[in-house]
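Quick look at upload.txt (compact mmCIF, C-alpha atoms and all ligand atoms):
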```txt
# COMPACT_ATOMS: atom_id res chain seq x y z
CA MET A 1 178.22 -69.94 53.71
CA LEU A 2 176.96 -66.41 53.04
CA ALA A 3 179.72 -65.82 50.44
CA GLN A 4 178.80 -69.11 48.76
CA GLU A 5 175.10 -68.12 48.56
CA GLU A 6 176.08 -64.77 47.07
CA ASN A 7 178.20 -66.56 44.53
CA THR A 8 175.35 -68.88 43.54
CA SER A 9 172.97 -65.97 43.08
CA THR A 10 175.52 -64.04 40.96
CA VAL A 11 175.98 -67.09 38.73
CA ARG A 12 172.19 -67.44 38.42
CA GLU A 13 171.79 -63.72 37.56
CA THR A 14 174.56 -63.91 34.96
CA SER A 15 173.03 -66.93 33.27
CA GLN A 16 169.59 -65.24 33.21
CA TYR A 17 171.17 -62.10 31.73
CA ASN A 18 173.00 -64.15 29.08
CA ALA A 19 169.83 -66.08 28.25
CA LEU A 20 167.97 -62.78 27.76
CA LEU A 21 170.69 -61.52 25.40
CA ASP A 22 170.51 -64.77 23.41
CA ARG A 23 166.71 -64.43 23.13
CA LEU A 24 166.91 -60.78 22.06
CA ASN A 25 169.64 -61.53 19.51
CA HIS A 26 167.60 -64.38 18.08
CA ALA A 27 164.43 -62.21 17.91
CA SER A 28 166.42 -59.54 16.05
CA ILE A 29 166.79 -61.90 13.11
CA THR A 30 163.39 -63.63 13.26
CA LYS A 31 161.26 -60.54 13.97
CA HIS A 32 163.08 -57.87 12.05
CA PHE A 33 161.56 -55.16 9.85
CA ASP A 34 163.01 -53.27 6.93
CA ALA A 35 161.94 -49.64 6.50
CA TYR A 36 161.40 -50.02 2.75
CA LYS A 37 160.52 -53.69 2.30
CA ASP A 38 157.95 -53.86 5.10
CA VAL A 39 156.10 -50.56 4.62
CA ALA A 40 154.08 -50.18 1.41
CA TRP A 41 154.98 -46.52 0.99
CA ASP A 42 153.48 -46.19 -2.47
CA ASP A 43 150.16 -47.89 -1.67
CA PRO A 44 147.53 -45.18 -2.47
CA GLU A 45 145.95 -45.97 0.94
CA TYR A 46 149.15 -44.75 2.60
CA ALA A 47 149.22 -41.36 0.81
CA ILE A 48 149.39 -38.37 3.15
CA ASP A 49 146.85 -35.57 2.73
CA LEU A 50 147.47 -32.84 5.32
CA GLU A 51 143.74 -32.14 5.62
CA ASP A 52 142.68 -35.78 5.99
CA PRO A 53 140.26 -35.84 8.96
CA ARG A 54 142.05 -38.95 10.29
CA TRP A 55 144.84 -36.63 11.47
CA ILE A 56 142.47 -34.72 13.75
CA ILE A 57 143.67 -35.03 17.34
CA HIS A 58 141.50 -37.15 19.60
CA SER A 59 139.61 -35.30 22.36
CA ALA A 60 141.36 -37.57 24.90
CA ASN A 61 144.59 -35.73 24.02
CA PRO A 62 145.23 -32.57 26.12
CA LEU A 63 145.37 -30.23 23.10
CA GLY A 64 142.51 -32.03 21.33
CA ALA A 65 140.32 -31.46 24.39
CA THR A 66 140.65 -27.65 24.35
CA GLU A 67 137.84 -25.42 23.08
CA TRP A 68 140.40 -23.49 21.02
CA TYR A 69 141.40 -26.62 19.08
CA GLN A 70 137.84 -27.82 18.59
CA SER A 71 136.79 -24.38 17.27
CA GLN A 72 139.39 -24.48 14.46
CA PRO A 73 138.18 -25.46 10.95
CA GLU A 74 138.54 -29.23 10.37
CA GLY A 75 141.33 -28.74 7.83
CA VAL A 76 143.41 -26.78 10.38
CA GLN A 77 142.73 -29.37 13.09
CA ALA A 78 144.02 -32.07 10.73
CA ARG A 79 147.10 -30.01 9.79
CA ILE A 80 147.97 -29.49 13.46
CA GLY A 81 147.56 -33.24 14.04
CA VAL A 82 149.81 -34.35 11.18
CA HIS A 83 152.33 -31.59 11.99
CA MET A 84 152.54 -32.88 15.58
CA THR A 85 152.87 -36.48 14.41
CA ALA A 86 155.65 -35.58 11.97
CA THR A 87 157.44 -33.53 14.65
CA PHE A 88 157.40 -36.49 17.05
CA MET A 89 158.84 -38.62 14.24
CA LYS A 90 161.58 -36.08 13.54
CA ILE A 91 162.43 -35.85 17.26
CA GLY A 92 162.21 -39.65 17.39
CA TRP A 93 164.92 -40.10 14.77
CA GLN A 94 167.09 -37.34 16.25
CA PHE A 95 166.89 -39.18 19.56
CA GLU A 96 167.66 -42.46 17.77
CA SER A 97 170.70 -40.85 16.15
CA VAL A 98 172.12 -40.07 19.63
CA LEU A 99 171.15 -43.56 20.71
CA GLN A 100 172.96 -45.21 17.79
CA ARG A 101 176.12 -43.16 18.36
CA GLY A 102 176.01 -44.03 22.08
CA LEU A 103 175.54 -47.74 21.31
CA LEU A 104 178.55 -47.66 18.99
CA GLU A 105 180.59 -46.03 21.77
CA PHE A 106 179.29 -48.70 24.16
CA ALA A 107 180.29 -51.47 21.72
CA MET A 108 183.79 -49.96 21.42
CA SER A 109 184.28 -50.40 25.17
CA LEU A 110 183.43 -54.13 25.16
CA PRO A 111 186.00 -56.94 25.33
CA ASN A 112 186.18 -59.73 22.75
CA GLY A 113 183.48 -62.32 23.34
CA ALA A 114 181.02 -59.93 25.04
CA ARG A 115 177.44 -60.97 24.26
CA GLU A 116 176.36 -57.34 24.41
CA PHE A 117 178.39 -56.56 21.27
CA ARG A 118 176.09 -58.44 18.94
CA TYR A 119 173.02 -57.11 20.75
CA ALA A 120 174.23 -53.49 20.50
CA TYR A 121 174.77 -53.84 16.75
CA HIS A 122 171.31 -55.37 16.22
CA GLU A 123 169.86 -52.39 18.07
CA VAL A 124 171.85 -49.89 15.96
CA ILE A 125 170.54 -51.58 12.79
CA GLU A 126 166.96 -51.56 14.06
CA GLU A 127 167.15 -47.90 15.05
CA ALA A 128 168.54 -47.08 11.59
CA HIS A 129 165.43 -48.63 10.01
CA HIS A 130 163.19 -46.70 12.41
CA SER A 131 164.95 -43.46 11.50
CA LEU A 132 164.48 -44.23 7.79
CA MET A 133 160.74 -44.76 8.38
CA PHE A 134 160.41 -41.61 10.46
CA GLN A 135 162.26 -39.36 8.02
CA GLU A 136 160.38 -40.86 5.06
CA PHE A 137 157.12 -40.00 6.82
CA VAL A 138 158.33 -36.42 7.48
CA ASN A 139 159.39 -36.04 3.83
CA ARG A 140 156.04 -37.26 2.58
CA THR A 141 154.19 -34.60 4.61
CA GLY A 142 156.17 -31.90 2.74
CA LEU A 143 156.55 -30.04 6.06
CA ASP A 144 159.97 -28.57 6.85
CA ILE A 145 160.37 -29.72 10.44
CA PRO A 146 163.43 -28.84 12.54
CA GLY A 147 162.62 -31.19 15.46
CA LEU A 148 164.74 -30.60 18.56
CA PRO A 149 166.04 -27.07 19.20
CA GLN A 150 169.65 -26.44 18.09
CA THR A 151 170.91 -26.15 21.70
CA ILE A 152 169.49 -29.57 22.63
CA ARG A 153 170.93 -31.16 19.49
CA PHE A 154 174.32 -29.74 20.43
CA ALA A 155 174.05 -30.89 24.07
CA SER A 156 172.98 -34.37 22.96
CA ARG A 157 176.48 -35.01 21.54
CA ARG A 158 177.73 -35.39 25.10
CA VAL A 159 175.09 -38.02 25.80
CA ALA A 160 176.47 -40.27 23.05
CA ALA A 161 179.89 -40.21 24.73
CA PHE A 162 178.30 -41.58 27.92
CA GLY A 163 177.74 -44.85 26.00
CA ARG A 164 181.42 -45.51 26.66
CA SER A 165 182.24 -43.44 29.76
CA PHE A 166 179.06 -43.90 31.83
CA PRO A 167 176.77 -46.51 30.19
CA GLU A 168 174.37 -46.57 33.17
CA LEU A 169 173.52 -42.89 32.61
CA PHE A 170 173.34 -43.52 28.87
CA PHE A 171 170.83 -46.39 29.26
CA LEU A 172 168.68 -44.27 31.58
CA PHE A 173 168.63 -41.63 28.83
CA VAL A 174 167.59 -44.43 26.43
CA LEU A 175 164.65 -45.36 28.65
CA GLY A 176 163.76 -41.67 29.08
CA GLY A 177 163.21 -41.40 25.33
CA GLU A 178 161.92 -44.87 24.51
CA ASP A 179 159.50 -45.40 27.38
CA PRO A 180 157.26 -42.33 26.73
CA ILE A 181 157.20 -43.00 22.96
CA ASP A 182 156.39 -46.64 23.58
CA TYR A 183 153.62 -45.73 26.04
CA GLU A 184 152.04 -43.24 23.59
CA GLN A 185 152.29 -45.64 20.64
CA ARG A 186 150.83 -48.56 22.57
CA ASN A 187 147.93 -46.35 23.69
CA PHE A 188 147.45 -45.20 20.16
CA ILE A 189 147.36 -48.77 18.82
CA LEU A 190 144.98 -49.92 21.55
CA ASN A 191 142.61 -46.95 21.51
CA CYS A 192 142.54 -45.35 18.10
CA LYS A 193 143.34 -48.03 15.54
CA GLU A 194 140.09 -47.86 13.58
CA GLU A 195 140.05 -44.12 13.02
CA ARG A 196 143.74 -43.52 12.40
CA HIS A 197 145.79 -43.36 9.23
CA PRO A 198 147.02 -46.83 8.06
CA LEU A 199 150.58 -45.57 7.43
CA LEU A 200 150.86 -44.35 11.01
CA ASN A 201 149.41 -47.67 12.22
CA ARG A 202 152.04 -49.64 10.29
CA ILE A 203 154.95 -47.52 11.50
CA SER A 204 153.72 -47.69 15.09
CA GLN A 205 153.26 -51.50 14.97
CA ILE A 206 156.80 -52.02 13.67
CA HIS A 207 158.26 -49.60 16.17
CA VAL A 208 156.47 -51.00 19.23
CA THR A 209 157.54 -54.57 18.32
CA GLU A 210 161.23 -53.74 18.08
CA GLU A 211 161.30 -51.24 20.93
CA ALA A 212 160.13 -53.96 23.32
CA ARG A 213 163.56 -55.57 22.85
CA HIS A 214 165.44 -52.30 23.39
CA LEU A 215 163.52 -51.59 26.57
CA SER A 216 164.17 -55.05 27.96
CA PHE A 217 167.89 -54.82 27.30
CA ALA A 218 168.22 -51.33 28.86
CA ARG A 219 166.35 -52.50 31.99
CA ALA A 220 168.38 -55.71 32.31
CA TYR A 221 171.65 -53.80 31.84
CA LEU A 222 170.71 -51.26 34.51
CA ARG A 223 169.56 -53.95 36.97
CA ARG A 224 172.88 -55.72 36.54
CA ASN A 225 175.21 -52.72 36.64
CA VAL A 226 173.75 -49.89 38.75
CA PRO A 227 174.17 -51.85 42.04
CA LYS A 228 177.91 -52.11 41.29
CA LEU A 229 178.37 -48.32 41.08
CA GLY A 230 180.12 -46.29 43.77
CA MET A 231 178.44 -43.48 45.69
CA ILE A 232 179.63 -40.60 43.45
CA LYS A 233 178.29 -42.11 40.22
CA ARG A 234 175.13 -43.24 41.96
CA ASN A 235 174.42 -39.73 43.23
CA PHE A 236 175.13 -38.37 39.77
CA LEU A 237 172.43 -40.71 38.43
CA ARG A 238 170.03 -39.58 41.15
CA LEU A 239 170.56 -35.96 40.19
CA ARG A 240 170.60 -36.24 36.39
CA THR A 241 167.92 -38.88 35.77
CA PRO A 242 164.85 -36.79 36.72
CA LEU A 243 166.21 -33.81 34.75
CA ILE A 244 166.71 -35.96 31.66
CA LEU A 245 163.32 -37.68 31.98
CA GLY A 246 161.46 -34.40 32.63
CA ASN A 247 162.96 -32.63 29.62
CA MET A 248 162.66 -35.59 27.27
CA SER A 249 158.99 -36.18 28.06
CA ARG A 250 158.25 -32.50 27.36
CA PHE A 251 159.72 -32.75 23.85
CA MET A 252 157.95 -36.06 23.21
CA MET A 253 154.50 -35.08 24.50
CA GLU A 254 153.96 -31.33 23.86
CA PRO A 255 153.79 -29.24 20.65
CA SER A 256 157.04 -27.72 19.37
CA THR A 257 157.72 -23.97 19.12
CA GLN A 258 157.32 -24.26 15.33
CA ILE A 259 153.79 -25.66 15.75
CA ILE A 260 152.85 -23.06 18.37
CA ASN A 261 154.00 -20.24 16.05
CA THR A 262 152.60 -21.70 12.82
CA TYR A 263 149.06 -22.11 14.15
CA GLY A 264 149.17 -19.25 16.67
CA ILE A 265 148.29 -21.46 19.65
CA PRO A 266 147.59 -18.94 22.47
CA LYS A 267 149.63 -19.21 25.69
CA ALA A 268 146.41 -19.62 27.69
CA VAL A 269 145.52 -22.70 25.59
CA LEU A 270 148.97 -24.21 26.21
CA ARG A 271 148.53 -23.64 29.95
CA GLU A 272 145.05 -25.19 29.83
CA ALA A 273 146.29 -28.23 27.86
CA TYR A 274 149.67 -28.79 29.53
CA GLY A 275 150.98 -26.45 32.24
CA ASP A 276 147.85 -26.36 34.45
CA ASN A 277 146.27 -29.61 33.37
CA PRO A 278 146.27 -32.35 36.02
CA GLU A 279 145.13 -34.81 33.34
CA HIS A 280 148.29 -34.08 31.32
CA ARG A 281 150.44 -34.42 34.42
CA ARG A 282 148.88 -37.84 35.05
CA ARG A 283 149.60 -38.78 31.44
CA VAL A 284 153.27 -37.83 31.79
CA GLU A 285 153.50 -39.68 35.13
CA ALA A 286 151.94 -42.75 33.52
CA ALA A 287 154.24 -42.58 30.46
CA LEU A 288 157.25 -42.60 32.80
CA GLY A 289 155.71 -45.11 35.22
CA LYS A 290 157.89 -48.08 34.21
CA VAL A 291 161.18 -46.21 34.26
CA ARG A 292 160.20 -44.56 37.57
CA ASP A 293 159.48 -47.98 39.12
CA LEU A 294 162.88 -49.19 37.93
CA CYS A 295 164.54 -46.10 39.45
CA ILE A 296 162.79 -46.82 42.76
CA GLU A 297 163.99 -50.44 42.62
CA LEU A 298 167.58 -49.32 41.90
CA GLY A 299 167.62 -46.59 44.55
CA ILE A 300 167.92 -43.80 41.96
CA PHE A 301 164.59 -42.31 42.96
CA ALA A 302 165.58 -41.65 46.57
CA ARG A 303 165.55 -38.86 49.11
CA PRO A 304 166.40 -35.96 48.87
CA PHE A 305 166.63 -36.26 45.05
CA ASP A 306 162.94 -37.30 44.85
CA GLN A 307 162.09 -33.59 45.17
CA ILE A 308 163.43 -33.03 41.62
CA TRP A 309 160.99 -35.65 40.31
CA TYR A 310 158.03 -33.84 41.93
CA ARG A 311 159.27 -30.44 40.67
CA MET A 312 159.66 -31.76 37.12
CA GLY A 313 156.10 -33.14 37.26
CA ILE A 314 157.18 -36.73 36.57
CA ALA A 315 156.15 -38.41 39.83
CA PRO A 316 152.75 -38.38 41.53
CA ALA A 317 152.71 -35.96 44.48
CA LYS A 318 152.93 -37.72 47.84
CA SER A 319 149.49 -38.10 49.36
FE FE B 401 163.36 -46.79 17.55
FE FE B 402 164.84 -48.27 20.40
```

Have the structure of the file written as structure tokens, please.
Amino acid sequence: MLAQEENTSTVRETSQYNALLDRLNHASITKHFDAYKDVAWDDPEYAIDLEDPRWIIHSANPLGATEWYQSQPEGVQARIGVHMTATFMKIGWQFESVLQRGLLEFAMSLPNGAREFRYAYHEVIEEAHHSLMFQEFVNRTGLDIPGLPQTIRFASRRVAAFGRSFPELFFLFVLGGEDPIDYEQRNFILNCKEERHPLLNRISQIHVTEEARHLSFARAYLRRNVPKLGMIKRNFLRLRTPLILGNMSRFMMEPSTQIINTYGIPKAVLREAYGDNPEHRRRVEAALGKVRDLCIELGIFARPFDQIWYRMGIAPAKS
């Protein structure tokens, strides 16, 4: 009787998973954006002026709230703002490049008839359009932005291989990059729409719409496959996930070394804005809230590995 119940629930879960894939695949053709057809790059309204006051960072942002930032001339404040935005875009496409390579590896491992194959290719295509938008934005600022440090770019090659050899770890990496960006962009759309640059609004709207699909697939895949893993792989996930999430959120939410050096941001200001700022810690915790909840549900956030989450500043301290 128990075995029969288990069977029924597995069949139900599989049909829900397949229905989700069908919905996502359908949405990829009905709600799809093209980087050049759907963004009016040459509209004069979309032109980028590095000293446009609309680039000035909001005082709700940790750096924008510092006295040092507010005491800079307006032109410099705007330059820092657009430089940060362009850096997040550059890092965004570098992350998407790893993601696309990993999805292609994932697709290579699938048998004929797998529904995930079509989904994975839709996602690769969508990420390619995002990367085109992000790089076009960077080019139009005229800033020469390196994005991720060389060592991280080199290490990221291994992550792509996990798409085939350890897809559960790969999809956690996906969430680690996509969830914080999604959180920041949604906040931006909700809170700052009126005062922000229309080009950034358009790119963010397109990105948030398509990322919602990527996030739902990664979550569904993990819910379906993590429970089937053995103890060794599961412990590997417990150990690596908080390290990945902690490092990724730092690159996605703090200024790069290039920005720190270009504008001479003092170490004390960085500590005030990020290192010693409980408000920033709460922001990081909130940005990773959804992926953390999923990790709790899947037993990845579990003792004694939870200590790494607290150390990395990506989980609220126990009260
Ligand atoms: Fe994307
Ligand atoms: Fe994505």

Can you pull out every residue within 12 Å of Gln77 in chain A, counting all atoms listed in the file, but drop anything in the same chain fewer than 6 positions away, and send it as a list in words? Leu50, Glu51, Asp52, Pro53, Arg54, Trp55, Ile56, Ile57, His58, Ser59, Leu63, Gly64, Ala65, Thr66, Glu67, Trp68, Tyr69, Gln70, Ser71, His83, Met84, Ile259, Tyr263 and Ile265 of chain A

Measuring atom to atom with all atoms listed in the file, identify which of A:Pro198, A:Gly177, A:Gly289, A:Gly230 is nearest to ligand FE 401 (chain B). A:Gly177

Residue with smallest distance to ligand FE 401 (chain B) - pool A:Ala128, A:Ala35, A:Ala27, A:Ala60, counting all atoms listed in the file: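 Closest candidate: A:Ala128.
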
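The environment of Thr30 in chain A within 12 Å, counting only C-alpha atoms and disregarding residues fewer than 4 places along the same chain, consists of Arg23, Leu24, Asn25, His26, His122, Thr209 and Glu210 of chain A.
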
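Those protein and nucleic acid residues that have any atom within 6 Å of ligand FE 402 (chain B) are, using only C-alpha atoms and all ligand atoms, Glu127, Glu211 and His214 of chain A.
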
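The space separating CA of Tyr274 in chain A from CA of Thr87 in chain A comes to 17.4 Å.
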
Near Val39 in chain A, within 9 Å and counting all atoms listed in the file, which residues show up once chain neighbours fewer than 5 positions away are dropped, as a list in words? Phe33, Asp34, Met133, Leu199, Arg202 and Ile203 of chain A

Would you mind exporting C-alpha atoms of the selected residues as a PDB file, keeping the file's coordinate frame?
```
ATOM      1  CA  PHE A  33     161.560 -55.160   9.850  1.00  0.00           C
ATOM      2  CA  ASP A  34     163.010 -53.270   6.930  1.00  0.00           C
ATOM      3  CA  MET A 133     160.740 -44.760   8.380  1.00  0.00           C
ATOM      4  CA  LEU A 199     150.580 -45.570   7.430  1.00  0.00           C
ATOM      5  CA  ARG A 202     152.040 -49.640  10.290  1.00  0.00           C
ATOM      6  CA  ILE A 203     154.950 -47.520  11.500  1.00  0.00           C
TER       7      ILE A 203
END
```

Quick check, in Å to one decimal: how far apart do CA of Arg157 in chain A and CA of Phe95 in chain A lie?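 CA of Arg157 in chain A sits 10.6 Å away from CA of Phe95 in chain A.
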
At most 6 Å from (155.8, -51.5, 24.1), file frame, only C-alpha atoms: which residues, as a list of chain:residue names? A:Asp182, A:Arg186, A:Val208, A:Ala212

Point (179.5, -48.6, 32.0), cut-off 10 Å, counting all atoms listed in the file, residues as a compact mmCIF listing (two decimals) with C-alpha atoms, in the coordinates of the input:
```txt
# COMPACT_ATOMS: atom_id res chain seq x y z
CA PHE A 106 179.29 -48.70 24.16
CA SER A 109 184.28 -50.40 25.17
CA LEU A 110 183.43 -54.13 25.16
CA PHE A 162 178.30 -41.58 27.92
CA GLY A 163 177.74 -44.85 26.00
CA ARG A 164 181.42 -45.51 26.66
CA SER A 165 182.24 -43.44 29.76
CA PHE A 166 179.06 -43.90 31.83
CA PRO A 167 176.77 -46.51 30.19
CA GLU A 168 174.37 -46.57 33.17
CA LEU A 169 173.52 -42.89 32.61
CA PHE A 170 173.34 -43.52 28.87
CA PHE A 171 170.83 -46.39 29.26
CA TYR A 221 171.65 -53.80 31.84
CA LEU A 222 170.71 -51.26 34.51
CA ASN A 225 175.21 -52.72 36.64
CA VAL A 226 173.75 -49.89 38.75
CA LEU A 229 178.37 -48.32 41.08
```

Closest to Arg292 in chain A among A:Val138, A:Ala317, A:Val269, A:Leu175, using all atoms listed in the file?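 Smallest separation from Arg292 in chain A among the options: A:Leu175.
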
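Distance annotation: of A:Arg219, A:Arg101, A:Arg79, A:His129, the residue with the minimal separation from ligand FE 401 (chain B) is A:His129; atom set is only C-alpha atoms and all ligand atoms.
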
The distance between CA of Asp276 in chain A and CA of Asp293 in chain A is 25.0 Å

Excluding same-chain residues fewer than 3 positions from Arg281 in chain A, what lies within 10 Å of it counting only C-alpha atoms, as a list in words? Pro62, Ala273, Tyr274, Gly275, Asp276, Asn277, Pro278, Val284, Glu285, Ala286, Ala287, Met312, Gly313, Ile314, Ala315 and Pro316 of chain A

Write out as a PyMOL selection string each polymer residue whose atoms come within 10 Å of Leu288 in chain A, counting all atoms listed in the file; drop sequence neighbours fewer than 6 positions from it. chain A and resi 175-181+183+245-246+249+282+314-315

Can you put N, CA and C atoms back into range 210-237 of chain A and show it as a PDB file, keeping the file's coordinate frame?
```pdb
ATOM      1  N   GLU A 210     159.775 -53.712  17.903  1.00  0.00           N
ATOM      2  CA  GLU A 210     161.230 -53.740  18.080  1.00  0.00           C
ATOM      3  C   GLU A 210     161.673 -53.001  19.345  1.00  0.00           C
ATOM      4  N   GLU A 211     160.923 -51.973  19.720  1.00  0.00           N
ATOM      5  CA  GLU A 211     161.300 -51.240  20.930  1.00  0.00           C
ATOM      6  C   GLU A 211     161.201 -52.110  22.179  1.00  0.00           C
ATOM      7  N   ALA A 212     160.286 -53.081  22.150  1.00  0.00           N
ATOM      8  CA  ALA A 212     160.130 -53.960  23.320  1.00  0.00           C
ATOM      9  C   ALA A 212     161.477 -54.609  23.652  1.00  0.00           C
ATOM     10  N   ARG A 213     162.246 -54.960  22.621  1.00  0.00           N
ATOM     11  CA  ARG A 213     163.560 -55.570  22.850  1.00  0.00           C
ATOM     12  C   ARG A 213     164.533 -54.555  23.458  1.00  0.00           C
ATOM     13  N   HIS A 214     164.499 -53.322  22.911  1.00  0.00           N
ATOM     14  CA  HIS A 214     165.440 -52.300  23.390  1.00  0.00           C
ATOM     15  C   HIS A 214     165.175 -51.978  24.853  1.00  0.00           C
ATOM     16  N   LEU A 215     163.881 -51.910  25.179  1.00  0.00           N
ATOM     17  CA  LEU A 215     163.520 -51.590  26.570  1.00  0.00           C
ATOM     18  C   LEU A 215     163.955 -52.719  27.486  1.00  0.00           C
ATOM     19  N   SER A 216     163.779 -53.975  27.044  1.00  0.00           N
ATOM     20  CA  SER A 216     164.170 -55.050  27.960  1.00  0.00           C
ATOM     21  C   SER A 216     165.677 -55.105  28.145  1.00  0.00           C
ATOM     22  N   PHE A 217     166.435 -54.814  27.104  1.00  0.00           N
ATOM     23  CA  PHE A 217     167.890 -54.820  27.300  1.00  0.00           C
ATOM     24  C   PHE A 217     168.306 -53.690  28.254  1.00  0.00           C
ATOM     25  N   ALA A 218     167.804 -52.466  28.011  1.00  0.00           N
ATOM     26  CA  ALA A 218     168.220 -51.330  28.860  1.00  0.00           C
ATOM     27  C   ALA A 218     167.905 -51.628  30.332  1.00  0.00           C
ATOM     28  N   ARG A 219     166.722 -52.200  30.592  1.00  0.00           N
ATOM     29  CA  ARG A 219     166.350 -52.500  31.990  1.00  0.00           C
ATOM     30  C   ARG A 219     167.274 -53.560  32.579  1.00  0.00           C
ATOM     31  N   ALA A 220     167.528 -54.625  31.795  1.00  0.00           N
ATOM     32  CA  ALA A 220     168.380 -55.710  32.310  1.00  0.00           C
ATOM     33  C   ALA A 220     169.795 -55.187  32.572  1.00  0.00           C
ATOM     34  N   TYR A 221     170.294 -54.342  31.675  1.00  0.00           N
ATOM     35  CA  TYR A 221     171.650 -53.800  31.840  1.00  0.00           C
ATOM     36  C   TYR A 221     171.718 -52.962  33.119  1.00  0.00           C
ATOM     37  N   LEU A 222     170.702 -52.137  33.321  1.00  0.00           N
ATOM     38  CA  LEU A 222     170.710 -51.260  34.510  1.00  0.00           C
ATOM     39  C   LEU A 222     170.592 -52.096  35.798  1.00  0.00           C
ATOM     40  N   ARG A 223     169.719 -53.095  35.771  1.00  0.00           N
ATOM     41  CA  ARG A 223     169.560 -53.950  36.970  1.00  0.00           C
ATOM     42  C   ARG A 223     170.868 -54.640  37.315  1.00  0.00           C
ATOM     43  N   ARG A 224     171.621 -54.984  36.317  1.00  0.00           N
ATOM     44  CA  ARG A 224     172.880 -55.720  36.540  1.00  0.00           C
ATOM     45  C   ARG A 224     174.009 -54.788  36.964  1.00  0.00           C
ATOM     46  N   ASN A 225     174.025 -53.559  36.443  1.00  0.00           N
ATOM     47  CA  ASN A 225     175.210 -52.720  36.640  1.00  0.00           C
ATOM     48  C   ASN A 225     175.073 -51.567  37.633  1.00  0.00           C
ATOM     49  N   VAL A 226     173.861 -51.015  37.802  1.00  0.00           N
ATOM     50  CA  VAL A 226     173.750 -49.890  38.750  1.00  0.00           C
ATOM     51  C   VAL A 226     174.163 -50.298  40.175  1.00  0.00           C
ATOM     52  N   PRO A 227     173.771 -51.491  40.663  1.00  0.00           N
ATOM     53  CA  PRO A 227     174.170 -51.850  42.040  1.00  0.00           C
ATOM     54  C   PRO A 227     175.685 -51.917  42.239  1.00  0.00           C
ATOM     55  N   LYS A 228     176.449 -52.029  41.154  1.00  0.00           N
ATOM     56  CA  LYS A 228     177.910 -52.110  41.290  1.00  0.00           C
ATOM     57  C   LYS A 228     178.560 -50.726  41.348  1.00  0.00           C
ATOM     58  N   LEU A 229     177.777 -49.664  41.125  1.00  0.00           N
ATOM     59  CA  LEU A 229     178.370 -48.320  41.080  1.00  0.00           C
ATOM     60  C   LEU A 229     178.733 -47.801  42.464  1.00  0.00           C
ATOM     61  N   GLY A 230     179.753 -46.935  42.510  1.00  0.00           N
ATOM     62  CA  GLY A 230     180.120 -46.290  43.770  1.00  0.00           C
ATOM     63  C   GLY A 230     179.191 -45.116  44.058  1.00  0.00           C
ATOM     64  N   MET A 231     179.364 -44.510  45.229  1.00  0.00           N
ATOM     65  CA  MET A 231     178.440 -43.480  45.690  1.00  0.00           C
ATOM     66  C   MET A 231     178.419 -42.244  44.777  1.00  0.00           C
ATOM     67  N   ILE A 232     179.594 -41.842  44.248  1.00  0.00           N
ATOM     68  CA  ILE A 232     179.630 -40.600  43.450  1.00  0.00           C
ATOM     69  C   ILE A 232     178.796 -40.775  42.172  1.00  0.00           C
ATOM     70  N   LYS A 233     179.037 -41.879  41.471  1.00  0.00           N
ATOM     71  CA  LYS A 233     178.290 -42.110  40.220  1.00  0.00           C
ATOM     72  C   LYS A 233     176.802 -42.317  40.504  1.00  0.00           C
ATOM     73  N   ARG A 234     176.522 -42.976  41.622  1.00  0.00           N
ATOM     74  CA  ARG A 234     175.130 -43.240  41.960  1.00  0.00           C
ATOM     75  C   ARG A 234     174.371 -41.932  42.242  1.00  0.00           C
ATOM     76  N   ASN A 235     175.042 -41.018  42.965  1.00  0.00           N
ATOM     77  CA  ASN A 235     174.420 -39.730  43.230  1.00  0.00           C
ATOM     78  C   ASN A 235     174.275 -38.900  41.952  1.00  0.00           C
ATOM     79  N   PHE A 236     175.219 -39.063  41.043  1.00  0.00           N
ATOM     80  CA  PHE A 236     175.130 -38.370  39.770  1.00  0.00           C
ATOM     81  C   PHE A 236     173.876 -38.848  39.008  1.00  0.00           C
ATOM     82  N   LEU A 237     173.646 -40.163  39.063  1.00  0.00           N
ATOM     83  CA  LEU A 237     172.430 -40.710  38.430  1.00  0.00           C
ATOM     84  C   LEU A 237     171.174 -40.166  39.084  1.00  0.00           C
TER      85      LEU A 237
END
```
